[in-house]
Amino acid sequence: MAPRLFACFGKGTSSSSQLGHGNDATVVDVSPEELTRGGAVLVELFSSQGCKTSPEAEQLISRLSRGDFQLEMPVIVLAYHVDYWDYQGWKDPFGSSQWTVRQKSYVEALKLDTLFTPQVVVQGVAHCIGNEEEALLSIIGNAVRFSSPAFKANFVRPTPESLQVALTGPLRTKIDNQGADVMVALYENGLVTNCPAGENKGRILSNDCVVTKLEKLCSVKDCSAKKTVSGTVNFSLWEGFDANKCGIAVFVQNRSYQILGSQNIHLPNSI
């Protein structure tokens with residue numbers, strides 16, 4: 001059998017590195033914090049319940065998302081559960097090949113040798129092992145920040161099984177002729193899983209900021225910071241969907257995978 005080109009890392013591993021129902025609509029505006037504090041830093045975790053060292057990273061990013069570290073800048077956290085550890089006896093219920101493909105794109109963009117978990121990517125341009133608190137906080141503190149977009153969100157439930165999100169507003173960052181994509185992630189907090197098999201057998205795993213859906217709102221090119229951008233995305237919902245536990249993150253990503261701005265929007269209870 002050919003060797004598998006991925007690894008599960010713990011603290012101190014030398015691979016850590018820093019690189020440069022109804023149709024009623026609800027409208028939500030941008031957070032004042034994101035407008036006044038110079039823009040958020042996007043932190044993306046690639047993790048798996050099948051990786052023995054990922055639960056520690058999940059705890060770290062949960063603390064980060066709650067604001068436990070009292071950082072000077074707002075931080076938006078997204079956790080993608082990859083599927084390449086599913087062969088070890090436990091299939092991650094939140095795992096998806098879509099997130100594995102996304103991580104592979106970062107591996108190529110950052111010129112890395114392999115996929116690994118837990119991995120954190122900050123602003124699309126720097127990374128570290130996901131359970132290394134000091135390294136992660138250092139990367140966040142040194143990250144280049146861009147103004148957060150100022151989207152207003154209009155939420156509609158066309159059916160009980162779907163959510164439509166219409167976004168309108170300026171990106172607040174100029175986009176050059178190479179272009180960029182405006183992406184919208186739907187995530188869920190407060191997930192608890194009893195893991196009866198695999199590397200984390202016998203553990204109760206807690207997960208926050210778990211990305212369940214990711215859609216492209218639009219692509220932009222030669223766009224001024226003040227120009228209004230509009231689009232709509234549709235999400236299919238899952239059994240037990242609870243708006244109180246969910247939110248959306250909007251981020252702008254260029255062709256080099258650098259994040260040029262991000263905005264967090266909580267879902268209103270009324271949907």
# chains A, B, ... in the order shown; residues from 1 in each chain; ligands from 1
>>> residues_around(residues="stretch 96-101 of chain A", least_positions_apart="4", cutoff="6 Å", atoms="only C-alpha atoms", output="list of chain:residue names")
A:Tyr80, A:Val82, A:Asp83
>>> residues_around(residues="A:Asp242", least_positions_apart="4", cutoff="9 Å", atoms="only C-alpha atoms", output="ChimeraX atom specification")
/A:188,246,269
>>> write_last_selection(atoms="N, CA and C atoms", output="compact mmCIF listing (two decimals), in the first residue's frame")
# COMPACT_ATOMS: atom_id res chain seq x y z
N GLU A 188 -21.79 25.82 13.30
CA GLU A 188 -22.60 25.45 14.46
C GLU A 188 -21.72 25.29 15.69
N CYS A 246 -26.02 28.67 15.87
CA CYS A 246 -25.36 28.82 14.58
C CYS A 246 -25.03 30.27 14.24
N ASN A 269 -32.70 34.79 16.37
CA ASN A 269 -33.54 33.73 16.95
C ASN A 269 -34.84 33.56 16.19
>>> select_by_dssp(residues="stretch 94-267 of chain A", states="alpha helix (DSSP H)", output="list in words")
Ser97, Gln98, Trp99, Thr100, Val101, Arg102, Gln103, Lys104, Ser105, Tyr106, Val107, Glu108, Ala109, Glu133, Glu134, Ala135, Leu136, Leu137, Ser138, Ile139, Ile140, Gly141 and Asn142 of chain A
>>> write_last_selection(atoms="C-alpha atoms", output="mmCIF file, in the first residue's frame")
data_model
loop_
_atom_site.group_PDB
_atom_site.id
_atom_site.type_symbol
_atom_site.label_atom_id
_atom_site.label_comp_id
_atom_site.auth_asym_id
_atom_site.auth_seq_id
_atom_site.Cartn_x
_atom_site.Cartn_y
_atom_site.Cartn_z
ATOM 1 C CA SER A 97 -14.183 15.507 1.633
ATOM 2 C CA GLN A 98 -15.012 19.143 0.785
ATOM 3 C CA TRP A 99 -12.965 20.282 3.774
ATOM 4 C CA THR A 100 -10.118 17.929 2.860
ATOM 5 C CA VAL A 101 -10.022 19.561 -0.577
ATOM 6 C CA ARG A 102 -9.928 22.999 1.055
ATOM 7 C CA GLN A 103 -7.019 21.975 3.247
ATOM 8 C CA LYS A 104 -5.176 20.581 0.212
ATOM 9 C CA SER A 105 -5.505 23.997 -1.421
ATOM 10 C CA TYR A 106 -3.763 25.552 1.565
ATOM 11 C CA VAL A 107 -1.062 22.888 1.505
ATOM 12 C CA GLU A 108 -0.315 23.846 -2.091
ATOM 13 C CA ALA A 109 -0.554 27.608 -1.494
ATOM 14 C CA GLU A 133 -1.308 27.993 21.942
ATOM 15 C CA GLU A 134 1.757 30.233 22.004
ATOM 16 C CA ALA A 135 2.448 29.853 18.290
ATOM 17 C CA LEU A 136 -1.187 30.445 17.385
ATOM 18 C CA LEU A 137 -1.517 33.605 19.471
ATOM 19 C CA SER A 138 1.743 34.921 18.030
ATOM 20 C CA ILE A 139 0.568 34.407 14.455
ATOM 21 C CA ILE A 140 -2.759 36.095 15.201
ATOM 22 C CA GLY A 141 -1.013 39.030 16.845
ATOM 23 C CA ASN A 142 1.267 39.538 13.835
#
>>> select_by_dssp(residues="stretch 146-196 of chain A", states="strand (DSSP E or B)", output="number ranges by chain")
A: 152-157, 162-170, 175, 180-188, 191-195
>>> residues_around(residues="A:Val252", least_positions_apart="3", cutoff="7 Å", atoms="only C-alpha atoms", output="JSON, numbers by chain")
{"A": [180, 181, 182, 183, 259, 260, 261, 262]}
>>> residues_around(residues="stretch 159-175 of chain A", least_positions_apart="6", cutoff="10 Å", atoms="only C-alpha atoms", output="ChimeraX atom specification")
/A:21-23,25-30,35,39,146-153,181-182,184,217,220-239,241,248,250-254,260-263,271
>>> closest_residue(among="A:His127, A:Phe94, A:Gly89, A:Glu132", to="A:Leu110", atoms="only C-alpha atoms")
A:His127
>>> closest_residue(among="A:Val121, A:Thr114, A:Arg145, A:Gly10", to="A:Val41", atoms="only C-alpha atoms")
A:Arg145
>>> atom_distance(atom1="atom CA of A:Phe9", atom2="atom CA of A:Leu214")
26.1 Å
>>> residues_around(residues="stretch 192-199 of chain A", least_positions_apart="2", cutoff="12 Å", atoms="only C-alpha atoms", output="JSON, numbers by chain")
{"A": [8, 48, 49, 50, 51, 52, 53, 54, 55, 58, 85, 86, 87, 88, 89, 90, 91, 92, 93, 94, 188, 189, 190, 201, 202, 203, 204, 205, 206, 207, 208, 210]}
>>> decode(residues="stretch 197-218 of chain A", atoms="N, CA, C and O atoms", output="CSV table (one decimal), in the first residue's frame")
chain,number,residue,atom,x,y,z
A,197,ALA,N,-15.2,4.7,19.4
A,197,ALA,CA,-14.2,3.9,18.6
A,197,ALA,C,-13.2,4.9,18.1
A,197,ALA,O,-13.2,6.1,18.2
A,198,GLY,N,-12.1,4.3,17.5
A,198,GLY,CA,-11.1,5.1,16.9
A,198,GLY,C,-10.0,5.6,17.9
A,198,GLY,O,-10.0,5.1,19.1
A,199,GLU,N,-9.2,6.6,17.5
A,199,GLU,CA,-8.1,7.1,18.3
A,199,GLU,C,-8.6,7.8,19.6
A,199,GLU,O,-7.9,7.9,20.6
A,200,ASN,N,-9.8,8.3,19.6
A,200,ASN,CA,-10.4,8.9,20.8
A,200,ASN,C,-11.5,8.1,21.4
A,200,ASN,O,-12.4,8.7,22.1
A,201,LYS,N,-11.4,6.8,21.4
A,201,LYS,CA,-12.4,5.9,21.9
A,201,LYS,C,-12.6,6.2,23.4
A,201,LYS,O,-11.6,6.4,24.2
A,202,GLY,N,-13.9,6.3,23.8
A,202,GLY,CA,-14.2,6.5,25.2
A,202,GLY,C,-14.3,7.9,25.6
A,202,GLY,O,-14.6,8.2,26.8
A,203,ARG,N,-13.9,8.8,24.7
A,203,ARG,CA,-13.9,10.3,25.1
A,203,ARG,C,-15.2,10.9,24.6
A,203,ARG,O,-15.9,10.5,23.7
A,204,ILE,N,-15.6,12.0,25.4
A,204,ILE,CA,-16.8,12.8,25.0
A,204,ILE,C,-16.1,14.1,24.4
A,204,ILE,O,-15.4,14.8,25.0
A,205,LEU,N,-16.4,14.3,23.1
A,205,LEU,CA,-15.8,15.4,22.3
A,205,LEU,C,-16.7,16.5,22.2
A,205,LEU,O,-17.8,16.4,21.8
A,206,SER,N,-16.2,17.7,22.5
A,206,SER,CA,-16.9,19.0,22.3
A,206,SER,C,-16.4,19.8,21.1
A,206,SER,O,-15.1,19.9,21.0
A,207,ASN,N,-17.2,20.3,20.3
A,207,ASN,CA,-16.8,21.0,19.1
A,207,ASN,C,-17.6,22.3,18.9
A,207,ASN,O,-18.8,22.3,19.1
A,208,ASP,N,-16.9,23.4,18.6
A,208,ASP,CA,-17.6,24.7,18.3
A,208,ASP,C,-17.1,25.2,17.0
A,208,ASP,O,-16.1,24.7,16.5
A,209,CYS,N,-17.9,26.1,16.4
A,209,CYS,CA,-17.5,26.8,15.2
A,209,CYS,C,-17.3,25.8,14.0
A,209,CYS,O,-16.6,26.0,13.1
A,210,VAL,N,-18.1,24.7,14.1
A,210,VAL,CA,-18.0,23.6,13.1
A,210,VAL,C,-18.7,24.0,11.8
A,210,VAL,O,-19.9,24.3,11.8
A,211,VAL,N,-17.9,24.1,10.7
A,211,VAL,CA,-18.5,24.5,9.4
A,211,VAL,C,-19.3,23.4,8.9
A,211,VAL,O,-18.8,22.2,8.7
A,212,THR,N,-20.6,23.7,8.6
A,212,THR,CA,-21.5,22.7,8.0
A,212,THR,C,-21.7,22.9,6.5
A,212,THR,O,-22.0,22.0,5.8
A,213,LYS,N,-21.7,24.2,6.1
A,213,LYS,CA,-21.9,24.5,4.7
A,213,LYS,C,-20.9,25.7,4.3
A,213,LYS,O,-20.6,26.5,5.2
A,214,LEU,N,-20.5,25.7,3.1
A,214,LEU,CA,-19.7,26.8,2.6
A,214,LEU,C,-20.1,27.0,1.1
A,214,LEU,O,-20.0,26.1,0.3
A,215,GLU,N,-20.5,28.3,0.8
A,215,GLU,CA,-21.0,28.6,-0.5
A,215,GLU,C,-20.3,29.9,-1.0
A,215,GLU,O,-20.0,30.8,-0.1
A,216,LYS,N,-20.1,30.0,-2.3
A,216,LYS,CA,-19.6,31.3,-2.8
A,216,LYS,C,-20.7,32.3,-3.1
A,216,LYS,O,-21.7,31.9,-3.8
A,217,LEU,N,-20.6,33.4,-2.5
A,217,LEU,CA,-21.6,34.5,-2.8
A,217,LEU,C,-21.5,35.1,-4.1
A,217,LEU,O,-22.4,35.2,-4.9
A,218,CYS,N,-20.2,35.4,-4.5
A,218,CYS,CA,-19.9,36.0,-5.8
A,218,CYS,C,-18.4,36.1,-6.0
A,218,CYS,O,-17.7,35.9,-5.0
